[in-house]
file my_file-v8.csv (CSV, N, CA and C atoms)
chain,number,residue,atom,x,y,z
A,1,MET,N,10.1,-6.5,7.8
A,1,MET,CA,11.0,-5.4,8.3
A,1,MET,C,10.4,-4.1,8.0
A,2,THR,N,10.5,-3.2,9.0
A,2,THR,CA,9.9,-1.9,8.9
A,2,THR,C,10.7,-1.0,7.9
A,3,ASP,N,10.0,-0.3,7.1
A,3,ASP,CA,10.7,0.7,6.2
A,3,ASP,C,11.0,1.9,7.0
A,4,ARG,N,12.3,2.1,7.2
A,4,ARG,CA,12.8,3.2,8.0
A,4,ARG,C,12.4,4.6,7.5
A,5,ARG,N,12.1,4.7,6.2
A,5,ARG,CA,11.7,6.0,5.6
A,5,ARG,C,10.5,6.5,6.3
A,6,ARG,N,9.6,5.6,6.8
A,6,ARG,CA,8.4,6.0,7.4
A,6,ARG,C,8.6,7.0,8.6
A,7,PHE,N,9.8,6.9,9.2
A,7,PHE,CA,10.1,7.6,10.4
A,7,PHE,C,10.8,9.0,10.1
A,8,GLY,N,10.9,9.3,8.8
A,8,GLY,CA,11.5,10.6,8.4
A,8,GLY,C,10.5,11.7,8.7
A,9,VAL,N,11.0,12.9,8.4
A,9,VAL,CA,10.1,14.1,8.5
A,9,VAL,C,9.1,14.0,7.5
A,10,ILE,N,7.8,14.1,7.9
A,10,ILE,CA,6.7,14.1,6.9
A,10,ILE,C,6.3,15.6,6.7
A,11,GLU,N,6.6,16.0,5.5
A,11,GLU,CA,6.3,17.4,5.1
A,11,GLU,C,4.9,17.4,4.4
A,12,VAL,N,4.1,18.4,4.8
A,12,VAL,CA,2.8,18.6,4.2
A,12,VAL,C,2.8,19.8,3.3
A,13,ARG,N,2.5,19.5,2.0
A,13,ARG,CA,2.4,20.6,1.0
A,13,ARG,C,1.0,20.8,0.5
A,14,ARG,N,0.6,22.0,0.6
A,14,ARG,CA,-0.8,22.4,0.1
A,14,ARG,C,-0.6,22.6,-1.4
A,15,ILE,N,-1.3,21.8,-2.2
A,15,ILE,CA,-1.3,21.9,-3.6
A,15,ILE,C,-2.3,22.9,-4.1
A,16,ASN,N,-3.5,22.8,-3.6
A,16,ASN,CA,-4.6,23.8,-3.9
A,16,ASN,C,-5.5,23.7,-2.7
A,17,ALA,N,-6.7,24.3,-2.8
A,17,ALA,CA,-7.6,24.4,-1.7
A,17,ALA,C,-8.2,23.0,-1.3
A,18,GLU,N,-8.1,22.0,-2.2
A,18,GLU,CA,-8.7,20.7,-1.9
A,18,GLU,C,-7.7,19.6,-1.9
A,19,THR,N,-6.4,19.9,-2.0
A,19,THR,CA,-5.4,18.8,-2.1
A,19,THR,C,-4.1,19.1,-1.3
A,20,TYR,N,-3.7,18.1,-0.5
A,20,TYR,CA,-2.5,18.2,0.2
A,20,TYR,C,-1.6,17.0,-0.1
A,21,HIS,N,-0.3,17.1,-0.2
A,21,HIS,CA,0.6,16.0,-0.3
A,21,HIS,C,1.4,15.8,0.9
A,22,LEU,N,1.6,14.6,1.4
A,22,LEU,CA,2.4,14.2,2.5
A,22,LEU,C,3.7,13.6,1.9
A,23,ILE,N,4.8,14.3,2.1
A,23,ILE,CA,6.1,13.9,1.4
A,23,ILE,C,7.2,13.6,2.4
A,24,ILE,N,7.9,12.5,2.1
A,24,ILE,CA,9.1,12.1,2.9
A,24,ILE,C,10.3,12.1,2.0
A,25,ASN,N,11.3,12.9,2.3
A,25,ASN,CA,12.5,12.9,1.4
A,25,ASN,C,12.2,13.2,0.0
A,26,GLY,N,11.3,14.1,-0.3
A,26,GLY,CA,11.0,14.5,-1.7
A,26,GLY,C,10.0,13.6,-2.4
A,27,GLU,N,9.6,12.5,-1.8
A,27,GLU,CA,8.7,11.6,-2.4
A,27,GLU,C,7.3,11.6,-1.8
A,28,MET,N,6.3,11.7,-2.6
A,28,MET,CA,4.9,11.7,-2.1
A,28,MET,C,4.5,10.3,-1.6
A,29,TRP,N,4.1,10.2,-0.3
A,29,TRP,CA,3.6,9.0,0.3
A,29,TRP,C,2.1,8.9,0.3
A,30,SER,N,1.5,10.1,0.5
A,30,SER,CA,0.0,10.1,0.6
A,30,SER,C,-0.5,11.5,0.1
A,31,GLU,N,-1.8,11.4,-0.3
A,31,GLU,CA,-2.5,12.6,-0.7
A,31,GLU,C,-3.8,12.7,0.1
A,32,VAL,N,-4.1,13.9,0.6
A,32,VAL,CA,-5.3,14.1,1.3
A,32,VAL,C,-6.1,15.1,0.4
A,33,GLU,N,-7.3,14.6,-0.1
A,33,GLU,CA,-8.0,15.4,-1.1
A,33,GLU,C,-9.5,15.4,-0.7
A,34,TRP,N,-10.1,16.6,-0.9
A,34,TRP,CA,-11.5,16.8,-0.6
A,34,TRP,C,-12.3,16.1,-1.7
A,35,SER,N,-13.3,15.2,-1.3
A,35,SER,CA,-14.2,14.6,-2.2
A,35,SER,C,-15.5,15.3,-2.2
A,36,ARG,N,-15.8,16.0,-3.3
A,36,ARG,CA,-17.1,16.7,-3.4
A,36,ARG,C,-18.3,15.8,-3.3
A,37,SER,N,-18.1,14.6,-4.0
A,37,SER,CA,-19.3,13.7,-4.0
A,37,SER,C,-19.6,13.1,-2.6
A,38,ARG,N,-18.5,12.9,-1.8
A,38,ARG,CA,-18.7,12.3,-0.5
A,38,ARG,C,-18.8,13.3,0.6
A,39,GLN,N,-18.4,14.6,0.3
A,39,GLN,CA,-18.3,15.6,1.3
A,39,GLN,C,-17.4,15.2,2.4
A,40,ARG,N,-16.3,14.6,2.1
A,40,ARG,CA,-15.3,14.2,3.1
A,40,ARG,C,-13.9,14.3,2.6
A,41,TRP,N,-13.0,14.3,3.5
A,41,TRP,CA,-11.6,14.3,3.1
A,41,TRP,C,-11.2,12.8,2.8
A,42,CYS,N,-10.6,12.6,1.7
A,42,CYS,CA,-10.2,11.3,1.3
A,42,CYS,C,-8.6,11.1,1.5
A,43,ILE,N,-8.2,10.1,2.1
A,43,ILE,CA,-6.8,9.8,2.3
A,43,ILE,C,-6.4,8.8,1.3
A,44,GLN,N,-5.4,9.1,0.5
A,44,GLN,CA,-5.0,8.2,-0.6
A,44,GLN,C,-3.6,7.9,-0.5
A,45,ASP,N,-3.2,6.7,-1.1
A,45,ASP,CA,-1.8,6.3,-1.1
A,45,ASP,C,-1.2,7.0,-2.3
A,46,ALA,N,0.1,6.7,-2.5
A,46,ALA,CA,0.9,7.4,-3.6
A,46,ALA,C,0.4,7.2,-5.0
A,47,ALA,N,-0.4,6.1,-5.2
A,47,ALA,CA,-1.0,5.8,-6.5
A,47,ALA,C,-2.4,6.3,-6.6
A,48,GLY,N,-2.9,6.9,-5.6
A,48,GLY,CA,-4.3,7.5,-5.7
A,48,GLY,C,-5.4,6.6,-5.2
A,49,HIS,N,-5.1,5.4,-4.6
A,49,HIS,CA,-6.1,4.6,-4.0
A,49,HIS,C,-6.6,5.2,-2.7
A,50,CYS,N,-7.9,5.3,-2.5
A,50,CYS,CA,-8.4,5.9,-1.3
A,50,CYS,C,-8.4,4.8,-0.2
A,51,LEU,N,-7.9,5.2,0.9
A,51,LEU,CA,-7.8,4.2,2.0
A,51,LEU,C,-8.7,4.5,3.2
A,52,ALA,N,-9.2,5.8,3.2
A,52,ALA,CA,-10.1,6.2,4.3
A,52,ALA,C,-10.8,7.5,3.9
A,53,HIS,N,-12.0,7.7,4.5
A,53,HIS,CA,-12.7,8.9,4.4
A,53,HIS,C,-12.9,9.5,5.8
A,54,VAL,N,-12.5,10.7,6.0
A,54,VAL,CA,-12.7,11.3,7.3
A,54,VAL,C,-14.0,12.1,7.3
A,55,GLU,N,-14.9,11.8,8.2
A,55,GLU,CA,-16.2,12.5,8.3
A,55,GLU,C,-16.1,14.0,8.4
A,56,HIS,N,-17.1,14.6,7.8
A,56,HIS,CA,-17.1,16.1,7.9
A,56,HIS,C,-17.3,16.6,9.3
A,57,ILE,N,-16.5,17.4,9.8
A,57,ILE,CA,-16.6,18.1,11.1
A,57,ILE,C,-16.9,19.5,10.8
A,58,ILE,N,-17.5,20.2,11.7
A,58,ILE,CA,-17.9,21.6,11.5
A,58,ILE,C,-16.6,22.4,11.2
A,59,GLY,N,-16.5,23.0,10.1
A,59,GLY,CA,-15.4,23.8,9.7
A,59,GLY,C,-14.4,23.0,8.9
A,60,GLN,N,-14.2,23.4,7.7
A,60,GLN,CA,-13.3,22.7,6.7
A,60,GLN,C,-11.9,22.6,7.2
A,61,ASP,N,-11.4,23.7,7.8
A,61,ASP,CA,-10.0,23.7,8.3
A,61,ASP,C,-9.7,22.6,9.3
A,62,ARG,N,-10.6,22.4,10.2
A,62,ARG,CA,-10.5,21.4,11.2
A,62,ARG,C,-10.5,20.0,10.6
A,63,ASP,N,-11.4,19.8,9.6
A,63,ASP,CA,-11.5,18.6,8.9
A,63,ASP,C,-10.2,18.1,8.3
A,64,VAL,N,-9.6,19.0,7.5
A,64,VAL,CA,-8.3,18.6,6.8
A,64,VAL,C,-7.2,18.3,7.8
A,65,GLN,N,-7.2,19.0,8.9
A,65,GLN,CA,-6.1,18.7,9.9
A,65,GLN,C,-6.3,17.3,10.5
A,66,THR,N,-7.6,16.9,10.7
A,66,THR,CA,-7.9,15.6,11.2
A,66,THR,C,-7.4,14.6,10.2
A,67,ALA,N,-7.7,14.8,8.9
A,67,ALA,CA,-7.4,13.9,7.8
A,67,ALA,C,-5.8,13.8,7.7
A,68,ILE,N,-5.1,14.9,7.8
A,68,ILE,CA,-3.7,14.9,7.7
A,68,ILE,C,-3.1,14.1,8.8
A,69,ARG,N,-3.6,14.3,10.0
A,69,ARG,CA,-3.1,13.6,11.2
A,69,ARG,C,-3.3,12.1,11.0
A,70,LEU,N,-4.4,11.7,10.5
A,70,LEU,CA,-4.7,10.3,10.3
A,70,LEU,C,-3.8,9.7,9.2
A,71,ALA,N,-3.6,10.5,8.2
A,71,ALA,CA,-2.6,10.0,7.1
A,71,ALA,C,-1.2,9.8,7.6
A,72,LYS,N,-0.8,10.7,8.5
A,72,LYS,CA,0.5,10.6,9.1
A,72,LYS,C,0.6,9.3,10.0
A,73,ARG,N,-0.4,9.1,10.8
A,73,ARG,CA,-0.4,7.9,11.6
A,73,ARG,C,-0.4,6.6,10.7
A,74,MET,N,-1.1,6.7,9.6
A,74,MET,CA,-1.1,5.5,8.7
A,74,MET,C,0.2,5.3,8.1
A,75,ILE,N,1.0,6.3,7.8
A,75,ILE,CA,2.3,6.1,7.3
A,75,ILE,C,3.2,5.5,8.4
A,76,LEU,N,3.1,6.1,9.6
A,76,LEU,CA,4.0,5.6,10.7
A,76,LEU,C,3.7,4.1,11.1
A,77,ASP,N,2.4,3.8,11.1
A,77,ASP,CA,2.0,2.4,11.6
A,77,ASP,C,2.0,1.4,10.5
A,78,GLY,N,2.2,1.8,9.3
A,78,GLY,CA,2.3,0.8,8.2
A,78,GLY,C,1.0,0.5,7.4
A,79,ARG,N,-0.1,1.2,7.8
A,79,ARG,CA,-1.3,1.0,7.1
A,79,ARG,C,-1.2,1.6,5.7
A,80,MET,N,-0.4,2.7,5.6
A,80,MET,CA,-0.2,3.3,4.3
A,80,MET,C,0.9,2.6,3.6
A,81,PRO,N,0.7,2.1,2.4
A,81,PRO,CA,1.7,1.4,1.6
A,81,PRO,C,2.8,2.4,1.2
A,82,SER,N,4.0,1.8,1.1
A,82,SER,CA,5.1,2.7,0.6
A,82,SER,C,4.7,3.1,-0.9
A,83,PRO,N,5.4,4.1,-1.4
A,83,PRO,CA,5.1,4.5,-2.8
A,83,PRO,C,5.3,3.4,-3.8
A,84,GLU,N,6.4,2.6,-3.5
A,84,GLU,CA,6.7,1.5,-4.4
A,84,GLU,C,5.6,0.4,-4.3
A,85,GLU,N,5.1,0.1,-3.1
A,85,GLU,CA,4.0,-0.9,-2.9
A,85,GLU,C,2.7,-0.4,-3.6
A,86,ALA,N,2.4,0.9,-3.4
A,86,ALA,CA,1.2,1.5,-4.0
A,86,ALA,C,1.3,1.4,-5.5
A,87,ARG,N,2.4,1.7,-6.1
A,87,ARG,CA,2.5,1.7,-7.6
A,87,ARG,C,2.5,0.2,-8.1
A,88,ALA,N,3.1,-0.7,-7.4
A,88,ALA,CA,3.1,-2.1,-7.8
A,88,ALA,C,1.6,-2.6,-7.7
A,89,GLN,N,0.9,-2.3,-6.7
A,89,GLN,CA,-0.5,-2.7,-6.6
A,89,GLN,C,-1.3,-2.1,-7.8
A,90,LEU,N,-1.1,-0.8,-8.1
A,90,LEU,CA,-1.8,-0.2,-9.2
A,90,LEU,C,-1.5,-0.9,-10.5
A,91,ASN,N,-0.2,-1.2,-10.7
A,91,ASN,CA,0.2,-1.8,-12.0
A,91,ASN,C,-0.4,-3.2,-12.1
A,92,ALA,N,-0.5,-4.0,-11.0
A,92,ALA,CA,-1.1,-5.3,-11.0
A,92,ALA,C,-2.6,-5.2,-11.3
A,93,GLU,N,-3.3,-4.2,-10.7
A,93,GLU,CA,-4.7,-4.0,-11.0
A,93,GLU,C,-4.9,-3.6,-12.5
A,94,GLN,N,-4.1,-2.8,-13.0
A,94,GLN,CA,-4.2,-2.4,-14.4
A,94,GLN,C,-3.9,-3.5,-15.4
A,95,GLU,N,-2.9,-4.3,-15.0
A,95,GLU,CA,-2.6,-5.5,-15.8
A,95,GLU,C,-3.7,-6.5,-15.8
A,96,GLN,N,-4.3,-6.7,-14.7
A,96,GLN,CA,-5.4,-7.7,-14.6
A,96,GLN,C,-6.6,-7.2,-15.3
A,97,LYS,N,-6.9,-5.9,-15.3
A,97,LYS,CA,-8.0,-5.3,-16.0
A,97,LYS,C,-7.8,-5.4,-17.5
A,98,TYR,N,-6.5,-5.2,-18.0
A,98,TYR,CA,-6.2,-5.3,-19.4
A,98,TYR,C,-6.3,-6.8,-19.9
A,99,LEU,N,-5.7,-7.7,-19.1
A,99,LEU,CA,-5.6,-9.1,-19.5
A,99,LEU,C,-6.8,-9.9,-19.1
A,100,GLY,N,-7.6,-9.4,-18.1
A,100,GLY,CA,-8.7,-10.2,-17.7
A,100,GLY,C,-8.3,-11.1,-16.6
A,101,GLU,N,-9.2,-11.9,-16.1
A,101,GLU,CA,-9.0,-12.9,-15.1
A,101,GLU,C,-7.9,-13.9,-15.6
A,102,PRO,N,-7.1,-14.4,-14.7
A,102,PRO,CA,-6.1,-15.4,-15.2
A,102,PRO,C,-6.8,-16.7,-15.6
A,103,PHE,N,-6.3,-17.3,-16.6
A,103,PHE,CA,-6.9,-18.6,-17.2
A,103,PHE,C,-6.2,-19.7,-16.5
A,104,THR,N,-7.1,-20.6,-15.9
A,104,THR,CA,-6.5,-21.8,-15.3
A,104,THR,C,-7.3,-23.0,-15.9
A,105,MET,N,-6.6,-24.1,-15.9
A,105,MET,CA,-7.2,-25.3,-16.5
A,105,MET,C,-7.0,-26.4,-15.5
A,106,ASP,N,-8.0,-27.1,-15.2
A,106,ASP,CA,-7.9,-28.3,-14.3
A,106,ASP,C,-7.1,-29.4,-15.0
A,107,ALA,N,-6.4,-30.1,-14.3
A,107,ALA,CA,-5.6,-31.2,-14.9
A,107,ALA,C,-6.6,-32.2,-15.4
A,108,PRO,N,-6.3,-32.7,-16.6
A,108,PRO,CA,-7.3,-33.7,-17.2
A,108,PRO,C,-7.3,-35.0,-16.4
A,109,GLU,N,-8.5,-35.6,-16.5
A,109,GLU,CA,-8.6,-36.9,-15.9
A,109,GLU,C,-7.6,-37.9,-16.4
A,110,PRO,N,-7.0,-38.7,-15.6
A,110,PRO,CA,-6.1,-39.7,-16.1
A,110,PRO,C,-6.8,-40.7,-17.0
A,111,VAL,N,-6.1,-41.0,-18.1
A,111,VAL,CA,-6.7,-42.0,-19.0
A,111,VAL,C,-6.0,-43.3,-18.7
A,112,HIS,N,-6.8,-44.3,-18.5
A,112,HIS,CA,-6.3,-45.7,-18.3
A,112,HIS,C,-6.4,-46.5,-19.6
A,113,VAL,N,-5.2,-46.9,-20.0
A,113,VAL,CA,-5.2,-47.7,-21.3
A,113,VAL,C,-5.2,-49.1,-20.9
A,114,ARG,N,-6.2,-49.8,-21.4
A,114,ARG,CA,-6.2,-51.3,-21.1
A,114,ARG,C,-5.6,-52.0,-22.2
A,115,ARG,N,-4.6,-52.8,-21.8
A,115,ARG,CA,-3.9,-53.6,-22.9
A,115,ARG,C,-4.3,-55.0,-22.7
A,116,ASP,N,-4.8,-55.5,-23.7
A,116,ASP,CA,-5.2,-57.0,-23.7
A,116,ASP,C,-4.0,-57.8,-24.1
A,117,LYS,N,-3.7,-58.8,-23.4
A,117,LYS,CA,-2.6,-59.7,-23.8
A,117,LYS,C,-2.9,-60.5,-25.0
A,118,PRO,N,-2.1,-60.7,-26.0
A,118,PRO,CA,-2.4,-61.5,-27.1
A,118,PRO,C,-2.4,-63.0,-26.8
call {"tool": "encode", "arguments": {"input": "my_file-v8.csv", "output": "structure tokens"}}
result
Amino acid sequence: MTDRRRFGVIEVRRINAETYHLIINGEMWSEVEWSRSRQRWCIQDAAGHCLAHVEHIIGQDRDVQTAIRLAKRMILDGRMPSPEEARAQLNAEQEQKYLGEPFTMDAPEPVHVRRDKP
């Protein structure tokens, strides 16, 4: 089922020169942030996972608008996880990192007991 919140008004708030938040009903769904190391705009989910890098186009203003449009499309078409999904994924990753890989054990080989008749 499609999350109807995706079709609400997506507000873009400029946080600073390198960060924009995409907000629906007061909740951040995505962050568009300039990556100095990659020299690209990074589109992140609500938990900070980068989902795409938008190539550098001549002029930084044009770049960020392209990234914001892509982030909006990702929200609308479902490629962007909901804030709850993003946080759940982050929590699962942190738990796995803390606990390590899950321990599994193969079932033991069946033991056949031979009973000799007296």
call {"tool": "atom_distance", "arguments": {"input": "my_file-v8.csv", "atom1": "atom N of Glu33 (chain A)", "atom2": "CA of Thr19 (chain A)"}}
result
5.0 Å
call {"tool": "atom_distance", "arguments": {"input": "my_file-v8.csv", "atom1": "CA of Ser35 (chain A)", "atom2": "CA of Asn91 (chain A)"}}
result
23.9 Å
call {"tool": "residues_around", "arguments": {"input": "my_file-v8.csv", "residues": "Ser82 (chain A)", "least_positions_apart": "6", "cutoff": "8 Å", "atoms": "all atoms listed in the file", "output": "tab-separated table (two decimals) with N, CA and C atoms, in the coordinates of the input"}}
result
chain	number	residue	atom	x	y	z
A	28	MET	N	6.30	11.70	-2.60
A	28	MET	CA	4.90	11.70	-2.10
A	28	MET	C	4.50	10.30	-1.60
A	29	TRP	N	4.10	10.20	-0.30
A	29	TRP	CA	3.60	9.00	0.30
A	29	TRP	C	2.10	8.90	0.30
A	30	SER	N	1.50	10.10	0.50
A	30	SER	CA	0.00	10.10	0.60
A	30	SER	C	-0.50	11.50	0.10
A	45	ASP	N	-3.20	6.70	-1.10
A	45	ASP	CA	-1.80	6.30	-1.10
A	45	ASP	C	-1.20	7.00	-2.30
A	46	ALA	N	0.10	6.70	-2.50
A	46	ALA	CA	0.90	7.40	-3.60
A	46	ALA	C	0.40	7.20	-5.00
A	47	ALA	N	-0.40	6.10	-5.20
A	47	ALA	CA	-1.00	5.80	-6.50
A	47	ALA	C	-2.40	6.30	-6.60
A	75	ILE	N	1.00	6.30	7.80
A	75	ILE	CA	2.30	6.10	7.30
A	75	ILE	C	3.20	5.50	8.40
A	88	ALA	N	3.10	-0.70	-7.40
A	88	ALA	CA	3.10	-2.10	-7.80
A	88	ALA	C	1.60	-2.60	-7.70
call {"tool": "atom_distance", "arguments": {"input": "my_file-v8.csv", "atom1": "CA of Glu84 (chain A)", "atom2": "atom C of Glu27 (chain A)"}}
result
10.4 Å
call {"tool": "closest_residue", "arguments": {"input": "my_file-v8.csv", "among": "A:Ile23, A:Ala86, A:Ala17, A:Leu70", "to": "Ile43 (chain A)", "atoms": "all atoms listed in the file"}}
result
A:Leu70
call {"tool": "select_by_dssp", "arguments": {"input": "my_file-v8.csv", "residues": "chain A", "states": "strand (DSSP E or B)", "output": "number ranges by chain"}}
result
A: 10-16, 19-24, 27-35, 40-45, 50-54
call {"tool": "select_by_dssp", "arguments": {"input": "my_file-v8.csv", "residues": "chain A", "states": "alpha helix (DSSP H)", "output": "NGL selection string"}}
result
:A and (60-77 or 83-99)
call {"tool": "write_last_selection", "arguments": {"input": "my_file-v8.csv", "atoms": "N, CA and C atoms", "output": "compact mmCIF listing (two decimals), in the frame of the given file"}}
result
# COMPACT_ATOMS: atom_id res chain seq x y z
N GLN A 60 -14.20 23.40 7.70
CA GLN A 60 -13.30 22.70 6.70
C GLN A 60 -11.90 22.60 7.20
N ASP A 61 -11.40 23.70 7.80
CA ASP A 61 -10.00 23.70 8.30
C ASP A 61 -9.70 22.60 9.30
N ARG A 62 -10.60 22.40 10.20
CA ARG A 62 -10.50 21.40 11.20
C ARG A 62 -10.50 20.00 10.60
N ASP A 63 -11.40 19.80 9.60
CA ASP A 63 -11.50 18.60 8.90
C ASP A 63 -10.20 18.10 8.30
N VAL A 64 -9.60 19.00 7.50
CA VAL A 64 -8.30 18.60 6.80
C VAL A 64 -7.20 18.30 7.80
N GLN A 65 -7.20 19.00 8.90
CA GLN A 65 -6.10 18.70 9.90
C GLN A 65 -6.30 17.30 10.50
N THR A 66 -7.60 16.90 10.70
CA THR A 66 -7.90 15.60 11.20
C THR A 66 -7.40 14.60 10.20
N ALA A 67 -7.70 14.80 8.90
CA ALA A 67 -7.40 13.90 7.80
C ALA A 67 -5.80 13.80 7.70
N ILE A 68 -5.10 14.90 7.80
CA ILE A 68 -3.70 14.90 7.70
C ILE A 68 -3.10 14.10 8.80
N ARG A 69 -3.60 14.30 10.00
CA ARG A 69 -3.10 13.60 11.20
C ARG A 69 -3.30 12.10 11.00
N LEU A 70 -4.40 11.70 10.50
CA LEU A 70 -4.70 10.30 10.30
C LEU A 70 -3.80 9.70 9.20
N ALA A 71 -3.60 10.50 8.20
CA ALA A 71 -2.60 10.00 7.10
C ALA A 71 -1.20 9.80 7.60
N LYS A 72 -0.80 10.70 8.50
CA LYS A 72 0.50 10.60 9.10
C LYS A 72 0.60 9.30 10.00
N ARG A 73 -0.40 9.10 10.80
CA ARG A 73 -0.40 7.90 11.60
C ARG A 73 -0.40 6.60 10.70
N MET A 74 -1.10 6.70 9.60
CA MET A 74 -1.10 5.50 8.70
C MET A 74 0.20 5.30 8.10
N ILE A 75 1.00 6.30 7.80
CA ILE A 75 2.30 6.10 7.30
C ILE A 75 3.20 5.50 8.40
N LEU A 76 3.10 6.10 9.60
CA LEU A 76 4.00 5.60 10.70
C LEU A 76 3.70 4.10 11.10
N ASP A 77 2.40 3.80 11.10
CA ASP A 77 2.00 2.40 11.60
C ASP A 77 2.00 1.40 10.50
N PRO A 83 5.40 4.10 -1.40
CA PRO A 83 5.10 4.50 -2.80
C PRO A 83 5.30 3.40 -3.80
N GLU A 84 6.40 2.60 -3.50
CA GLU A 84 6.70 1.50 -4.40
C GLU A 84 5.60 0.40 -4.30
N GLU A 85 5.10 0.10 -3.10
CA GLU A 85 4.00 -0.90 -2.90
C GLU A 85 2.70 -0.40 -3.60
N ALA A 86 2.40 0.90 -3.40
CA ALA A 86 1.20 1.50 -4.00
C ALA A 86 1.30 1.40 -5.50
N ARG A 87 2.40 1.70 -6.10
CA ARG A 87 2.50 1.70 -7.60
C ARG A 87 2.50 0.20 -8.10
N ALA A 88 3.10 -0.70 -7.40
CA ALA A 88 3.10 -2.10 -7.80
C ALA A 88 1.60 -2.60 -7.70
N GLN A 89 0.90 -2.30 -6.70
CA GLN A 89 -0.50 -2.70 -6.60
C GLN A 89 -1.30 -2.10 -7.80
N LEU A 90 -1.10 -0.80 -8.10
CA LEU A 90 -1.80 -0.20 -9.20
C LEU A 90 -1.50 -0.90 -10.50
N ASN A 91 -0.20 -1.20 -10.70
CA ASN A 91 0.20 -1.80 -12.00
C ASN A 91 -0.40 -3.20 -12.10
N ALA A 92 -0.50 -4.00 -11.00
CA ALA A 92 -1.10 -5.30 -11.00
C ALA A 92 -2.60 -5.20 -11.30
N GLU A 93 -3.30 -4.20 -10.70
CA GLU A 93 -4.70 -4.00 -11.00
C GLU A 93 -4.90 -3.60 -12.50
N GLN A 94 -4.10 -2.80 -13.00
CA GLN A 94 -4.20 -2.40 -14.40
C GLN A 94 -3.90 -3.50 -15.40
N GLU A 95 -2.90 -4.30 -15.00
CA GLU A 95 -2.60 -5.50 -15.80
C GLU A 95 -3.70 -6.50 -15.80
N GLN A 96 -4.30 -6.70 -14.70
CA GLN A 96 -5.40 -7.70 -14.60
C GLN A 96 -6.60 -7.20 -15.30
N LYS A 97 -6.90 -5.90 -15.30
CA LYS A 97 -8.00 -5.30 -16.00
C LYS A 97 -7.80 -5.40 -17.50
N TYR A 98 -6.50 -5.20 -18.00
CA TYR A 98 -6.20 -5.30 -19.40
C TYR A 98 -6.30 -6.80 -19.90
N LEU A 99 -5.70 -7.70 -19.10
CA LEU A 99 -5.60 -9.10 -19.50
C LEU A 99 -6.80 -9.90 -19.10
call {"tool": "residues_around", "arguments": {"input": "my_file-v8.csv", "residues": "Asn25 (chain A)", "least_positions_apart": "5", "cutoff": "10 Å", "atoms": "only C-alpha atoms", "output": "VMD selection string"}}
result
chain A and resid 5 8 to 11
call {"tool": "closest_residue", "arguments": {"input": "my_file-v8.csv", "among": "A:Gln96, A:Asp106, A:His53, A:Ala71", "to": "Leu22 (chain A)", "atoms": "all atoms listed in the file"}}
result
A:Ala71
call {"tool": "closest_residue", "arguments": {"input": "my_file-v8.csv", "among": "A:Ala92, A:Ala67, A:Leu76, A:Val113", "to": "Thr2 (chain A)", "atoms": "only C-alpha atoms"}}
result
A:Leu76
call {"tool": "decode", "arguments": {"input": "my_file-v8.csv", "residues": "region 11-24 of chain A", "atoms": "N, CA and C atoms", "output": "PDB file, in the first residue's frame"}}
result
ATOM      1  N   GLU A  11       7.965  20.522   1.485  1.00  0.00           N
ATOM      2  CA  GLU A  11       8.579  21.823   1.772  1.00  0.00           C
ATOM      3  C   GLU A  11      10.089  21.665   1.751  1.00  0.00           C
ATOM      4  N   VAL A  12      10.791  22.599   1.118  1.00  0.00           N
ATOM      5  CA  VAL A  12      12.260  22.573   1.068  1.00  0.00           C
ATOM      6  C   VAL A  12      12.769  23.680   1.986  1.00  0.00           C
ATOM      7  N   ARG A  13      13.545  23.280   2.987  1.00  0.00           N
ATOM      8  CA  ARG A  13      14.128  24.252   3.921  1.00  0.00           C
ATOM      9  C   ARG A  13      15.637  24.254   3.768  1.00  0.00           C
ATOM     10  N   ARG A  14      16.167  25.444   3.555  1.00  0.00           N
ATOM     11  CA  ARG A  14      17.625  25.579   3.476  1.00  0.00           C
ATOM     12  C   ARG A  14      18.157  25.689   4.900  1.00  0.00           C
ATOM     13  N   ILE A  15      18.992  24.743   5.291  1.00  0.00           N
ATOM     14  CA  ILE A  15      19.556  24.719   6.640  1.00  0.00           C
ATOM     15  C   ILE A  15      20.823  25.568   6.693  1.00  0.00           C
ATOM     16  N   ASN A  16      21.668  25.411   5.675  1.00  0.00           N
ATOM     17  CA  ASN A  16      22.872  26.233   5.521  1.00  0.00           C
ATOM     18  C   ASN A  16      23.266  26.179   4.050  1.00  0.00           C
ATOM     19  N   ALA A  17      24.441  26.675   3.709  1.00  0.00           N
ATOM     20  CA  ALA A  17      24.842  26.734   2.298  1.00  0.00           C
ATOM     21  C   ALA A  17      24.994  25.355   1.662  1.00  0.00           C
ATOM     22  N   GLU A  18      25.139  24.307   2.471  1.00  0.00           N
ATOM     23  CA  GLU A  18      25.405  22.980   1.931  1.00  0.00           C
ATOM     24  C   GLU A  18      24.353  21.943   2.305  1.00  0.00           C
ATOM     25  N   THR A  19      23.253  22.353   2.923  1.00  0.00           N
ATOM     26  CA  THR A  19      22.271  21.384   3.403  1.00  0.00           C
ATOM     27  C   THR A  19      20.843  21.901   3.216  1.00  0.00           C
ATOM     28  N   TYR A  20      20.003  21.034   2.667  1.00  0.00           N
ATOM     29  CA  TYR A  20      18.571  21.316   2.499  1.00  0.00           C
ATOM     30  C   TYR A  20      17.781  20.132   3.055  1.00  0.00           C
ATOM     31  N   HIS A  21      16.674  20.410   3.714  1.00  0.00           N
ATOM     32  CA  HIS A  21      15.787  19.360   4.202  1.00  0.00           C
ATOM     33  C   HIS A  21      14.491  19.383   3.403  1.00  0.00           C
ATOM     34  N   LEU A  22      14.002  18.203   3.035  1.00  0.00           N
ATOM     35  CA  LEU A  22      12.706  18.063   2.379  1.00  0.00           C
ATOM     36  C   LEU A  22      11.743  17.530   3.433  1.00  0.00           C
ATOM     37  N   ILE A  23      10.707  18.306   3.699  1.00  0.00           N
ATOM     38  CA  ILE A  23       9.832  18.058   4.840  1.00  0.00           C
ATOM     39  C   ILE A  23       8.393  17.909   4.376  1.00  0.00           C
ATOM     40  N   ILE A  24       7.707  16.909   4.944  1.00  0.00           N
ATOM     41  CA  ILE A  24       6.277  16.722   4.703  1.00  0.00           C
ATOM     42  C   ILE A  24       5.596  16.727   6.070  1.00  0.00           C
TER      43      ILE A  24
END
